[in-house]
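Undergrad: Please find query_16.cif (mmCIF, C-alpha atoms) on the next line:
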data_target
loop_
_atom_site.label_atom_id
_atom_site.label_comp_id
_atom_site.auth_asym_id
_atom_site.auth_seq_id
_atom_site.Cartn_x
_atom_site.Cartn_y
_atom_site.Cartn_z
CA MET A 1320 0.00 0.00 0.00
CA GLY A 1321 1.52 3.31 -1.13
CA LEU A 1322 1.53 6.58 0.80
CA GLU A 1323 -1.05 8.01 -1.59
CA SER A 1324 -3.65 5.59 -0.18
CA VAL A 1325 -3.80 7.43 3.18
CA GLY A 1326 -5.98 10.09 1.58
CA GLY A 1327 -5.83 13.78 0.79
CA LEU A 1328 -6.49 15.07 4.31
CA ALA A 1329 -3.63 13.07 5.82
CA ILE A 1330 -1.32 14.12 2.99
CA LYS A 1331 -2.21 17.77 3.57
CA ILE A 1332 -1.38 17.46 7.27
CA ILE A 1333 1.95 15.85 6.40
CA LEU A 1334 2.79 18.54 3.84
CA THR A 1335 1.87 21.27 6.32
CA LYS A 1336 4.37 19.79 8.76
CA LEU A 1337 7.03 19.48 6.06
CA GLY A 1338 6.83 23.13 5.06
CA PRO A 1339 6.85 24.98 1.71
CA THR A 1340 10.27 23.93 0.42
CA GLU A 1341 9.71 20.22 1.02
CA SER A 1342 6.14 20.45 -0.30
CA ALA A 1343 7.43 21.87 -3.57
CA SER A 1344 9.85 18.94 -3.83
CA VAL A 1345 7.11 16.41 -3.08
CA ALA A 1346 5.16 17.73 -6.08
CA CYS A 1347 7.76 16.07 -8.30
CA VAL A 1348 7.03 12.57 -6.96
CA SER A 1349 3.81 11.86 -8.87
CA LYS A 1350 0.77 13.44 -10.45
CA GLY A 1351 -1.26 12.84 -7.30
CA PHE A 1352 1.30 14.48 -5.07
CA ARG A 1353 1.53 17.39 -7.52
CA VAL A 1354 -2.19 18.02 -7.08
CA TRP A 1355 -1.97 17.85 -3.28
CA ALA A 1356 1.15 20.02 -3.12
CA SER A 1357 -0.49 22.64 -5.35
CA ASP A 1358 -3.62 22.94 -3.21
CA ASP A 1359 -3.99 26.66 -2.51
CA SER A 1360 -5.38 26.04 0.97
CA LEU A 1361 -2.01 24.49 1.79
CA TRP A 1362 -0.17 27.56 0.52
CA SER A 1363 -2.50 29.85 2.42
CA ILE A 1364 -1.17 28.18 5.58
CA PHE A 1365 2.43 28.71 4.47
CA CYS A 1366 1.69 32.38 3.66
CA ALA A 1367 0.05 32.87 7.04
CA ASN A 1368 2.85 31.16 8.95
CA ASP A 1369 5.79 32.82 7.21
CA LEU A 1370 4.41 36.13 5.98
CA ASP A 1371 1.26 36.70 8.04
CA LEU A 1372 -0.75 37.07 4.85
CA SER A 1373 -4.51 36.60 5.03
CA SER A 1374 -4.96 37.31 1.31
CA PRO A 1375 -2.66 36.61 -1.65
CA LEU A 1376 -0.44 39.68 -2.05
CA ASP A 1377 3.01 40.08 -3.55
CA HIS A 1378 5.90 41.86 -1.82
CA LEU A 1379 4.71 45.23 -3.14
CA GLY A 1380 1.21 44.75 -1.77
CA ASN A 1381 -0.38 43.93 -5.13
CA PRO A 1382 -3.03 41.17 -5.28
CA VAL A 1383 -2.12 37.98 -7.14
CA SER A 1384 -4.21 35.04 -8.27
CA SER A 1385 -3.32 32.52 -5.54
CA PHE A 1386 -1.50 32.02 -2.26
CA LYS A 1387 0.98 29.76 -4.01
CA GLU A 1388 1.82 32.54 -6.47
CA ALA A 1389 2.12 35.02 -3.59
CA TYR A 1390 4.56 32.78 -1.74
CA GLN A 1391 6.61 32.15 -4.87
CA THR A 1392 6.72 35.89 -5.65
CA TRP A 1393 8.03 36.69 -2.17
CA ARG A 1394 10.67 33.96 -2.31
CA LYS A 1395 11.84 35.08 -5.75
CA ALA A 1396 11.97 38.77 -4.78
CA PHE A 1397 14.08 38.02 -1.69
CA SER A 1398 16.06 35.05 -3.00
CA MET A 1399 19.36 36.81 -2.27
CA TYR A 1400 18.59 37.07 1.49
CA PRO A 1401 18.24 34.50 4.30
CA TRP A 1402 14.55 33.63 4.40
CA SER A 1403 14.48 33.65 8.20
CA LEU A 1404 15.71 37.26 8.14
CA VAL A 1405 13.03 38.23 5.61
CA ILE A 1406 10.35 36.69 7.84
CA ARG A 1407 11.66 38.57 10.87
CA VAL A 1408 11.80 41.93 9.07
CA LYS A 1409 8.34 41.40 7.58
CA ARG A 1410 6.94 40.81 11.07
CA CYS A 1411 8.68 43.92 12.35
CA TRP A 1412 7.03 46.06 9.69
CA ASP A 1413 3.67 44.33 10.16
CA LYS A 1414 3.62 45.25 13.86
CA LEU A 1415 4.41 48.86 13.07
CA LYS A 1416 1.81 49.05 10.29
CA ASP A 1417 -0.90 47.30 12.32
CA TRP A 1418 -0.42 49.77 15.18
CA LEU A 1419 -0.43 52.74 12.83
CA ALA A 1420 -3.59 51.50 11.08
CA ILE A 1421 -5.46 51.57 14.39
CA ASN A 1422 -3.84 54.51 16.14
CA PHE A 1423 -2.24 56.78 13.56
CA PRO A 1424 -3.49 56.20 9.97
CA GLU A 1425 -2.09 59.60 8.94
CA ALA A 1426 1.43 58.26 9.45
CA LEU A 1427 0.60 54.91 7.84
CA ALA A 1428 -0.33 56.76 4.66
CA THR A 1429 3.22 58.15 4.44
CA LEU A 1430 4.92 54.73 4.30
CA ARG A 1431 6.34 53.90 0.88
CA THR A 1432 6.35 50.56 -0.88
CA GLY A 1433 9.55 48.58 -0.79
CA ALA A 1434 12.68 49.74 -2.58
CA SER A 1435 14.17 47.69 -5.40
CA GLU A 1436 17.61 46.15 -5.52
CA ASP A 1437 18.52 48.81 -8.07
CA ASN A 1438 17.51 51.53 -5.59
CA ILE A 1439 19.78 50.00 -2.96
CA LYS A 1440 22.67 49.62 -5.40
CA GLU A 1441 22.28 53.27 -6.42
CA LEU A 1442 22.58 54.36 -2.77
CA GLU A 1443 25.59 52.11 -2.17
CA THR A 1444 27.31 53.45 -5.30
CA CYS A 1445 26.57 57.11 -4.54
CA LEU A 1446 27.60 56.93 -0.89
CA LYS A 1447 30.32 54.25 -1.27
CA VAL A 1448 28.89 52.03 1.45
CA LYS A 1449 27.54 48.51 1.79
CA LEU A 1450 24.29 48.34 3.73
CA PRO A 1451 24.06 45.64 6.43
CA LEU A 1452 21.75 42.81 5.37
CA PRO A 1453 18.99 43.59 7.91
CA THR A 1454 18.83 47.22 6.79
CA ARG A 1455 18.71 46.14 3.14
CA VAL A 1456 15.71 43.92 3.85
CA LEU A 1457 14.05 46.67 5.92
CA TYR A 1458 14.20 49.01 2.94
CA ARG A 1459 13.20 46.27 0.49
CA ILE A 1460 9.93 45.85 2.38
CA CYS A 1461 9.31 49.54 3.14
CA ASP A 1462 11.28 52.45 1.71
CA GLY A 1463 10.81 54.83 4.63
CA GLN A 1464 8.28 57.67 4.68
CA GLU A 1465 7.13 59.88 1.83
CA LEU A 1466 6.63 63.47 3.01
CA THR A 1467 5.66 66.26 0.64
CA PHE A 1468 7.74 69.42 0.59
CA GLU A 1469 5.06 71.20 2.60
CA GLN A 1470 5.03 68.41 5.18
CA TYR A 1471 8.77 67.97 5.49
CA ARG A 1472 9.24 71.02 7.69
CA GLY A 1473 6.80 71.07 10.58
CA SER A 1474 5.15 67.70 9.90
CA LEU A 1475 4.28 65.61 12.94
CA VAL A 1476 3.57 62.28 11.23
CA GLY A 1477 7.04 60.89 11.89
CA LEU A 1478 7.07 57.14 12.45
CA ILE A 1479 9.68 57.42 15.22
CA GLY A 1480 7.82 60.24 16.98
CA GLY A 1481 9.25 62.80 19.37
CA TYR A 1482 8.57 65.27 22.16
CA SER A 1483 8.33 68.96 22.92
CA PHE A 1484 9.17 71.28 25.79
CA TYR A 1485 9.25 75.06 25.86
CA ASP A 1486 9.95 76.00 22.23
CA HIS A 1487 11.78 72.76 21.42
CA LEU A 1488 9.83 70.41 19.13
CA VAL A 1489 11.16 67.17 17.67
CA ASN A 1490 9.36 64.68 15.43
CA VAL A 1491 11.50 62.05 13.69
CA SER A 1492 10.70 60.47 10.32
CA LEU A 1493 12.30 57.45 8.67
CA LEU A 1494 13.91 58.66 5.46
CA PRO A 1495 13.41 57.00 2.05
CA LEU A 1496 16.56 55.93 0.22
CA SER A 1497 16.45 58.91 -2.14
CA GLN A 1498 16.43 61.30 0.83
CA VAL A 1499 19.12 59.27 2.59
CA ILE A 1500 21.45 59.99 -0.33
CA ILE A 1501 20.68 63.72 -0.32
CA ASP A 1502 20.83 64.21 3.46
CA THR A 1503 23.93 62.06 3.90
CA LYS A 1504 25.90 64.01 1.31
CA ASP A 1505 24.79 67.30 2.83
CA VAL A 1506 25.31 66.38 6.50
CA ILE A 1507 28.59 64.52 6.00
CA ARG A 1508 30.02 67.46 4.06
CA HIS A 1509 28.79 69.91 6.70
CA LEU A 1510 30.23 67.85 9.57
CA GLY A 1511 33.54 67.29 7.83
CA PHE A 1512 33.52 63.50 7.92
CA ASN A 1513 36.29 61.61 6.15
CA SER A 1514 35.48 60.75 2.53
CA ARG A 1515 35.68 57.08 3.52
CA SER A 1516 33.09 57.52 6.26
CA LYS A 1517 30.53 54.70 6.39
CA TYR A 1518 27.86 56.79 8.13
CA ILE A 1519 24.54 57.42 6.43
CA VAL A 1520 21.58 59.50 7.67
CA VAL A 1521 18.54 57.21 8.07
CA ALA A 1522 16.16 59.26 10.21
CA ALA A 1523 15.78 62.92 11.11
CA SER A 1524 13.38 65.35 12.68
CA SER A 1525 11.04 67.04 10.22
CA THR A 1526 10.87 70.09 12.50
CA TYR A 1527 13.34 72.95 12.74
CA ASN A 1528 14.98 71.41 15.82
CA GLU A 1529 17.60 69.02 14.49
CA LYS A 1530 17.72 65.42 15.67
CA ILE A 1531 19.64 63.12 13.32
CA PHE A 1532 20.19 59.37 13.36
CA PHE A 1533 23.20 57.83 11.61
CA LEU A 1534 23.71 54.20 10.64
CA ASN A 1535 27.33 53.05 10.56
CA CYS A 1536 27.31 50.60 7.67
CA ALA A 1537 30.63 49.10 8.77
CA ASN A 1538 29.66 47.96 12.27
CA GLY A 1539 25.86 48.05 12.04
CA GLN A 1540 25.44 50.47 14.95
CA LEU A 1541 22.88 53.27 14.96
CA TYR A 1542 23.86 56.62 16.45
CA VAL A 1543 22.06 59.82 17.35
CA GLY A 1544 23.76 63.21 17.35
CA THR A 1545 24.35 65.20 20.55
CA ARG A 1546 24.70 68.94 21.17
CA ASN A 1547 28.32 68.64 19.99
CA LEU A 1548 27.51 66.89 16.72
CA THR A 1549 28.29 69.86 14.49
CA THR A 1550 31.48 70.82 16.32
CA ASP A 1551 33.00 67.49 17.37
CA ARG A 1552 30.86 64.89 15.55
CA GLU A 1553 29.77 63.60 18.96
CA MET A 1554 27.11 60.86 18.88
CA LEU A 1555 25.44 58.37 21.21
CA PRO A 1556 24.90 54.69 20.28
CA CYS A 1557 21.23 53.71 20.21
CA VAL A 1558 21.64 49.96 20.81
CA PRO A 1559 24.01 47.96 23.06
CA ASN A 1560 26.90 46.76 20.90
CA SER A 1561 26.63 43.26 22.35
CA LEU A 1562 23.28 42.76 20.59
CA ILE A 1563 24.56 43.55 17.10
CA ASN A 1564 25.43 40.51 15.03
CA LEU A 1565 26.40 40.94 11.38
CA VAL A 1566 26.64 37.61 9.57
CA HIS A 1567 27.58 37.71 5.92
CA ASP A 1568 27.36 34.05 4.91
CA TYR A 1569 23.66 34.30 3.89
CA ARG A 1570 22.91 31.17 5.93
CA GLY A 1571 22.83 32.66 9.40
CA SER A 1572 19.45 33.11 11.04
CA GLN A 1573 20.37 35.68 13.67
CA GLN A 1574 21.63 38.64 11.67
CA GLN A 1575 20.62 41.81 13.44
CA ASP A 1576 21.97 45.30 13.10
CA ALA A 1577 20.99 48.26 15.25
CA MET A 1578 18.47 49.51 12.68
CA LEU A 1579 16.41 46.33 12.92
CA LEU A 1580 16.71 46.08 16.70
CA TRP A 1581 15.74 49.74 17.07
CA LEU A 1582 12.60 49.41 14.96
CA GLU A 1583 11.63 46.16 16.69
CA GLU A 1584 11.91 47.84 20.08
CA HIS A 1585 9.93 50.82 18.81
CA GLY A 1586 7.18 48.48 17.63
CA ARG A 1587 7.19 46.64 20.95
CA ARG A 1588 6.69 49.90 22.81
CA MET A 1589 3.82 50.79 20.53
CA GLN A 1590 2.13 47.40 20.89
CA ASN A 1591 2.51 47.47 24.69
CA SER A 1592 1.14 51.02 24.94
CA LEU A 1593 4.40 52.31 26.39
CA ILE A 1594 4.17 55.12 23.84
CA LYS A 1595 1.00 56.51 22.32
CA VAL A 1596 -0.35 59.12 19.95
CA HIS A 1597 -0.99 62.46 21.65
CA GLU A 1598 -3.25 65.17 20.34
CA GLU A 1599 -2.68 68.82 21.09
CA GLY A 1600 -5.13 71.12 19.45
CA LYS A 1601 -5.78 69.45 16.13
CA ILE A 1602 -2.24 68.12 15.75
CA ARG A 1603 -1.57 64.45 16.42
CA SER A 1604 1.87 62.87 16.84
CA ILE A 1605 3.63 59.91 18.44
CA SER A 1606 4.95 60.94 21.85
CA LEU A 1607 8.05 59.19 23.21
CA PHE A 1608 7.18 59.95 26.82
CA PRO A 1609 6.56 56.50 28.38
CA GLU A 1610 3.03 55.89 29.63
CA GLN A 1611 3.35 52.54 31.37
CA PRO A 1612 5.39 51.48 34.44
CA PRO A 1613 8.20 50.88 35.14
CA LEU A 1614 9.14 53.64 32.69
CA CYS A 1615 6.84 56.15 34.35
CA SER A 1616 5.66 56.91 37.90
CA THR A 1617 2.00 57.12 38.87
CA ALA A 1618 0.40 58.28 42.12
CA VAL A 1619 -3.22 58.84 43.16
CA THR A 1620 -4.29 61.25 45.89
CA ASN A 1621 -7.93 62.09 46.58
CA ASN A 1622 -8.85 60.38 43.29
CA VAL A 1623 -6.53 62.67 41.34
CA ARG A 1624 -4.07 60.63 39.28
CA VAL A 1625 -0.63 62.03 38.50
CA ARG A 1626 1.67 60.42 35.96
CA ALA A 1627 5.27 61.51 35.50
CA SER A 1628 7.66 60.30 32.82
CA ALA A 1629 10.92 61.39 31.24
CA VAL A 1630 12.79 60.93 27.99
CA LEU A 1631 16.41 61.52 27.06
CA VAL A 1632 17.01 64.51 24.78
CA PRO A 1633 20.20 63.45 22.97
CA GLU A 1634 20.41 66.58 20.82
CA TYR A 1635 20.86 68.60 24.04
CA THR A 1636 23.17 66.08 25.69
CA ASN A 1637 26.78 67.19 26.18
CA LEU A 1638 29.16 64.32 26.95
CA GLN A 1639 32.02 66.78 27.35
CA HIS A 1640 30.42 68.61 30.25
CA GLU A 1641 32.15 67.83 33.52
CA PHE A 1642 28.99 67.38 35.56
CA GLU A 1643 25.70 67.73 33.65
CA LYS A 1644 26.26 65.42 30.69
CA PHE A 1645 22.73 64.23 29.95
CA LEU A 1646 19.53 66.18 29.54
CA PHE A 1647 16.07 64.71 30.01
CA ALA A 1648 12.67 66.25 29.31
CA TYR A 1649 9.90 65.32 31.70
CA SER A 1650 6.14 65.31 31.35
CA ILE A 1651 3.53 65.55 34.10
CA ARG A 1652 -0.05 64.57 33.41
CA ILE A 1653 -2.91 64.84 35.88
CA SER A 1654 -6.39 63.42 35.50
CA LEU A 1655 -9.50 63.04 37.62
CA LEU A 1656 -10.84 59.53 38.22
CA PRO A 1657 -14.42 58.92 36.98
CA GLU A 1658 -15.92 59.09 40.48
CA GLY A 1659 -14.52 62.59 40.91
CA CYS A 1660 -12.33 64.13 43.58
CA VAL A 1661 -13.07 63.00 47.14
CA ILE A 1662 -12.20 65.22 50.13
CA ASN A 1663 -13.15 63.97 53.59
CA GLY A 1664 -15.62 61.59 51.99
CA ILE A 1665 -17.31 64.32 49.95
CA PRO A 1666 -17.12 63.94 46.14
CA PHE A 1667 -16.49 66.89 43.81
CA ASN A 1668 -16.72 66.87 40.00
CA SER A 1669 -13.94 69.42 39.62
CA CYS A 1670 -10.87 70.66 41.41
CA GLN A 1671 -7.94 73.00 40.90
CA LEU A 1672 -4.24 72.57 41.40
CA TYR A 1673 -2.53 75.41 43.23
CA TRP A 1674 0.52 73.70 44.76
CA ARG A 1675 2.93 71.17 43.31
CA HIS A 1676 5.67 68.94 44.64
CA TRP A 1677 7.76 66.49 42.66
CA ILE A 1678 11.07 64.79 43.17
CA ILE A 1679 13.57 64.19 40.37
CA ARG A 1680 16.14 61.41 40.71
CA ALA A 1681 19.11 60.25 38.69
CA ASN A 1682 20.34 56.74 39.52
CA ASP A 1683 18.41 56.91 42.83
CA ALA A 1684 20.08 60.18 43.87
CA VAL A 1685 17.75 63.13 44.34
CA VAL A 1686 18.93 65.94 42.06
CA SER A 1687 15.91 68.22 42.39
CA ASP A 1688 13.08 68.59 44.90
CA VAL A 1689 10.56 71.01 43.43
CA LYS A 1690 7.85 72.70 45.50
CA GLY A 1691 5.84 75.73 44.64
CA GLU A 1692 2.57 77.38 43.86
CA ALA A 1693 0.98 76.77 40.48
CA VAL A 1694 2.88 75.51 37.40
CA ILE A 1695 4.76 78.20 35.48
CA GLY A 1696 2.27 80.64 36.96
CA LYS A 1697 -0.85 78.75 35.91
CA LEU A 1698 -3.50 77.21 38.15
CA TYR A 1699 -4.81 74.25 36.20
CA ALA A 1700 -8.41 73.15 36.67
CA LEU A 1701 -9.61 69.56 36.47
CA LYS A 1702 -13.10 69.09 35.08
CA GLY A 1703 -14.54 65.73 34.16
CA CYS A 1704 -11.60 63.37 33.63
CA TYR A 1705 -8.75 65.61 32.46
CA LEU A 1706 -7.28 69.04 32.78
CA SER A 1707 -9.62 71.58 31.27
CA GLN A 1708 -6.96 73.52 29.33
CA PRO A 1709 -4.42 72.42 28.21
CA PRO A 1710 -4.56 68.59 28.53
CA TYR A 1711 -0.94 68.31 29.70
CA VAL A 1712 1.16 70.28 32.08
CA PRO A 1713 3.86 71.88 29.90
CA TRP A 1714 6.93 69.72 29.59
CA ASN A 1715 10.11 70.77 31.30
CA LYS A 1716 13.73 69.75 31.10
CA ALA A 1717 16.34 68.75 33.64
CA PRO A 1718 20.09 68.01 33.36
CA PHE A 1719 21.64 64.93 34.99
CA PRO A 1720 25.25 64.34 35.94
CA THR A 1721 25.50 60.62 35.30
CA ALA A 1722 23.73 57.81 33.53
CA ARG A 1723 24.19 54.11 33.08
CA GLN A 1724 23.63 51.61 30.32
CA VAL A 1725 20.33 49.77 30.48
CA PRO A 1726 19.38 46.26 29.35
CA TYR A 1727 17.89 45.52 25.93
CA ASP A 1728 14.39 45.58 27.38
CA ASN A 1729 14.64 49.30 28.01
CA PHE A 1730 16.62 50.69 25.15
CA ILE A 1731 15.90 53.28 22.60
CA THR A 1732 19.18 54.83 23.64
CA GLN A 1733 21.53 53.35 26.20
CA ILE A 1734 20.72 55.98 28.82
CA THR A 1735 18.55 55.19 31.81
CA TRP A 1736 15.24 56.98 32.22
CA GLU A 1737 13.21 54.52 34.27
CA LYS A 1738 13.85 56.25 37.60
CA ILE A 1739 13.95 59.89 36.66
CA ILE A 1740 10.75 61.04 38.37
CA GLY A 1741 9.21 59.24 41.29
CA GLY A 1742 8.11 59.37 44.86
CA THR A 1743 5.39 58.45 47.29
CA PRO A 1744 1.67 59.05 46.61
CA THR A 1745 2.49 62.64 47.50
CA LEU A 1746 4.58 62.92 44.35
CA TRP A 1747 2.28 65.77 43.41
CA VAL A 1748 -0.33 66.65 46.00
CA PRO A 1749 -3.22 68.66 44.56
CA HIS A 1750 -4.61 71.22 47.00
CA LEU A 1751 -8.19 71.60 45.91
CA ARG A 1752 -10.69 74.38 45.82
CA GLN A 1753 -14.35 73.42 45.89
#
Translate the structure of the given file into structure tokens.

TA:
Amino acid sequence: MGLESVGGLAIKIILTKLGPTESASVACVSKGFRVWASDDSLWSIFCANDLDLSSPLDHLGNPVSSFKEAYQTWRKAFSMYPWSLVIRVKRCWDKLKDWLAINFPEALATLRTGASEDNIKELETCLKVKLPLPTRVLYRICDGQELTFEQYRGSLVGLIGGYSFYDHLVNVSLLPLSQVIIDTKDVIRHLGFNSRSKYIVVAASSTYNEKIFFLNCANGQLYVGTRNLTTDREMLPCVPNSLINLVHDYRGSQQQDAMLLWLEEHGRRMQNSLIKVHEEGKIRSISLFPEQPPLCSTAVTNNVRVRASAVLVPEYTNLQHEFEKFLFAYSIRISLLPEGCVINGIPFNSCQLYWRHWIIRANDAVVSDVKGEAVIGKLYALKGCYLSQPPYVPWNKAPFPTARQVPYDNFITQITWEKIIGGTPTLWVPHLRQ
């Protein structure tokens, strides 16, 4: 009795376990096996498992006639790359796009289709670099963001997001390859890098406050410029060096440069609601201020919730300063719980802040203990669930003398921010007027 006698359902289960490559080989055994191995329901499983496709689409997002054709198109388009790396990068982009589709469709609309191999070769020829494999695949699947000339200055749809305090506004976009070439030539010439420099500009703020990210194509590290970038080419690494693994034999399954790790971490923070879209007026943007513990501190007093968080501002960081090397911006948000403010057992549907107290720490050492009336001269009122106007206490900034490297779980840069602002439930005690 031959294997074919076990029936189509059993064969399908076997082929599903074997996987797409082996299933394609099995099709050569006999006519019967060719029919079973060509069943599109089988290839829909392979597309779902490897590429998370629920409909047959090619690598550019175009519909094709079958799941088998879709899978073959993807494999052919990325035949020069390790398939495991392609799967990993595809999942990275899917997480980012899924989050944007739900939370920030304006930014999703700016994402470009994947670049071609010719586009990548043009960049490598113009800039005399060789992109790390993970970055190549990242751009093959999505060629950064497309911003119009009007959007490019002042746009807040940057995929990487940003922050603001006082008159400082940052919102970082991921550059398409064509813009990478232009910006790299301009910035490298302006900074006076050696002609053999392997740095390329991959992301930058679309606002007038400069924040620039550089990928070193030689070692795979991603850097962000500091206050001394233009004078001393000073930069901070964005990912621990120990996590970077550049394998060039096309058979390795763990290639990862800082660009891929950085975007994966960014997507994880989005998916876990560590960072969210904030709206101020009619302008929406991704805010990098953490909104979930342990990266923020929360306290509740009299049913008034206070959340404090901080983010490193690398473009204001000065590693050459003897004492205050790192600068963090902090954000304070207060909200009223649904049951309203309760004072001595009596509920109120509104209250007003007229005194504040917060403690700022760096590596568990108190560097600032702030007490005072109002906030920058304003007495904020809470009505309903949030501050009446504006929704957030204006962001501030604070310098810190030291910082330490943090584990992979907490990186966007290697500087600690998880214990910047904290305290007891009296972190910020609202004194209330009825």

Undergrad: Find the residues of stretch 1454-1526 of chain A that sit at most 8 Å from stretch 1603-1608 of chain A; for each, write down the nearest two atoms and how far apart they are in Å, to one decimal. Count all atoms listed in the file. Sort by chain, then by number going up, and give it as a Markdown table.

TA:
| residue | atom | partner | partner_atom | distance |
| --- | --- | --- | --- | --- |
| A:Leu1475 | CA | A:Ser1604 | CA | 5.3 |
| A:Val1476 | CA | A:Ser1604 | CA | 5.9 |
| A:Gly1477 | CA | A:Ser1604 | CA | 7.4 |
| A:Leu1478 | CA | A:Ile1605 | CA | 7.4 |
| A:Ile1479 | CA | A:Ile1605 | CA | 7.3 |
| A:Gly1480 | CA | A:Ile1605 | CA | 4.4 |
| A:Gly1481 | CA | A:Ser1606 | CA | 5.3 |
| A:Tyr1482 | CA | A:Ser1606 | CA | 5.7 |
| A:Asn1490 | CA | A:Ser1604 | CA | 7.8 |

Undergrad: Extract, using all atoms listed in the file, all DNA, RNA and protein residues at most 10 Å from A:Trp1418, discarding same-chain residues fewer than 6 positions from it, and format them as a list in words.

TA: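 Skipping anything fewer than 6 positions along the chain leaves Trp1412, Pro1424, Leu1427, Gly1586, Met1589, Gln1590, Ser1592 and Lys1595 of chain A.
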
Undergrad: From the options A:Ala1537, A:Gly1691, A:Asp1683, A:Tyr1699, which residue's atoms come nearest to A:Cys1670, counting only C-alpha atoms?

TA: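 Of A:Ala1537, A:Gly1691, A:Asp1683, A:Tyr1699, the one nearest A:Cys1670 is A:Tyr1699, counting only C-alpha atoms.
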
Undergrad: List the residues selected by the PyMOL selection byres ((chain A and resi 1609) around 12) in the file shown, writing them as an MDAnalysis selection string.

TA: chainID A and resid 1481:1482 1585 1588:1589 1591:1597 1605:1608 1610:1617 1626:1631 1648:1652 1729 1731 1736:1740

Undergrad: If we count only C-alpha atoms, what is near A:His1487 at a cut-off of 10 Å, once residues fewer than 3 positions away on the same chain are taken out, given as a PyMOL selection string?

TA: chain A and resi 1482-1484+1526-1529+1714

Undergrad: Pick from A:Val1689, A:Ala1618, A:Asn1438, A:His1640: nearest to A:Ser1654, with all atoms listed in the file counted?

TA: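 Under the stated criterion, the closest residue is A:Ala1618.
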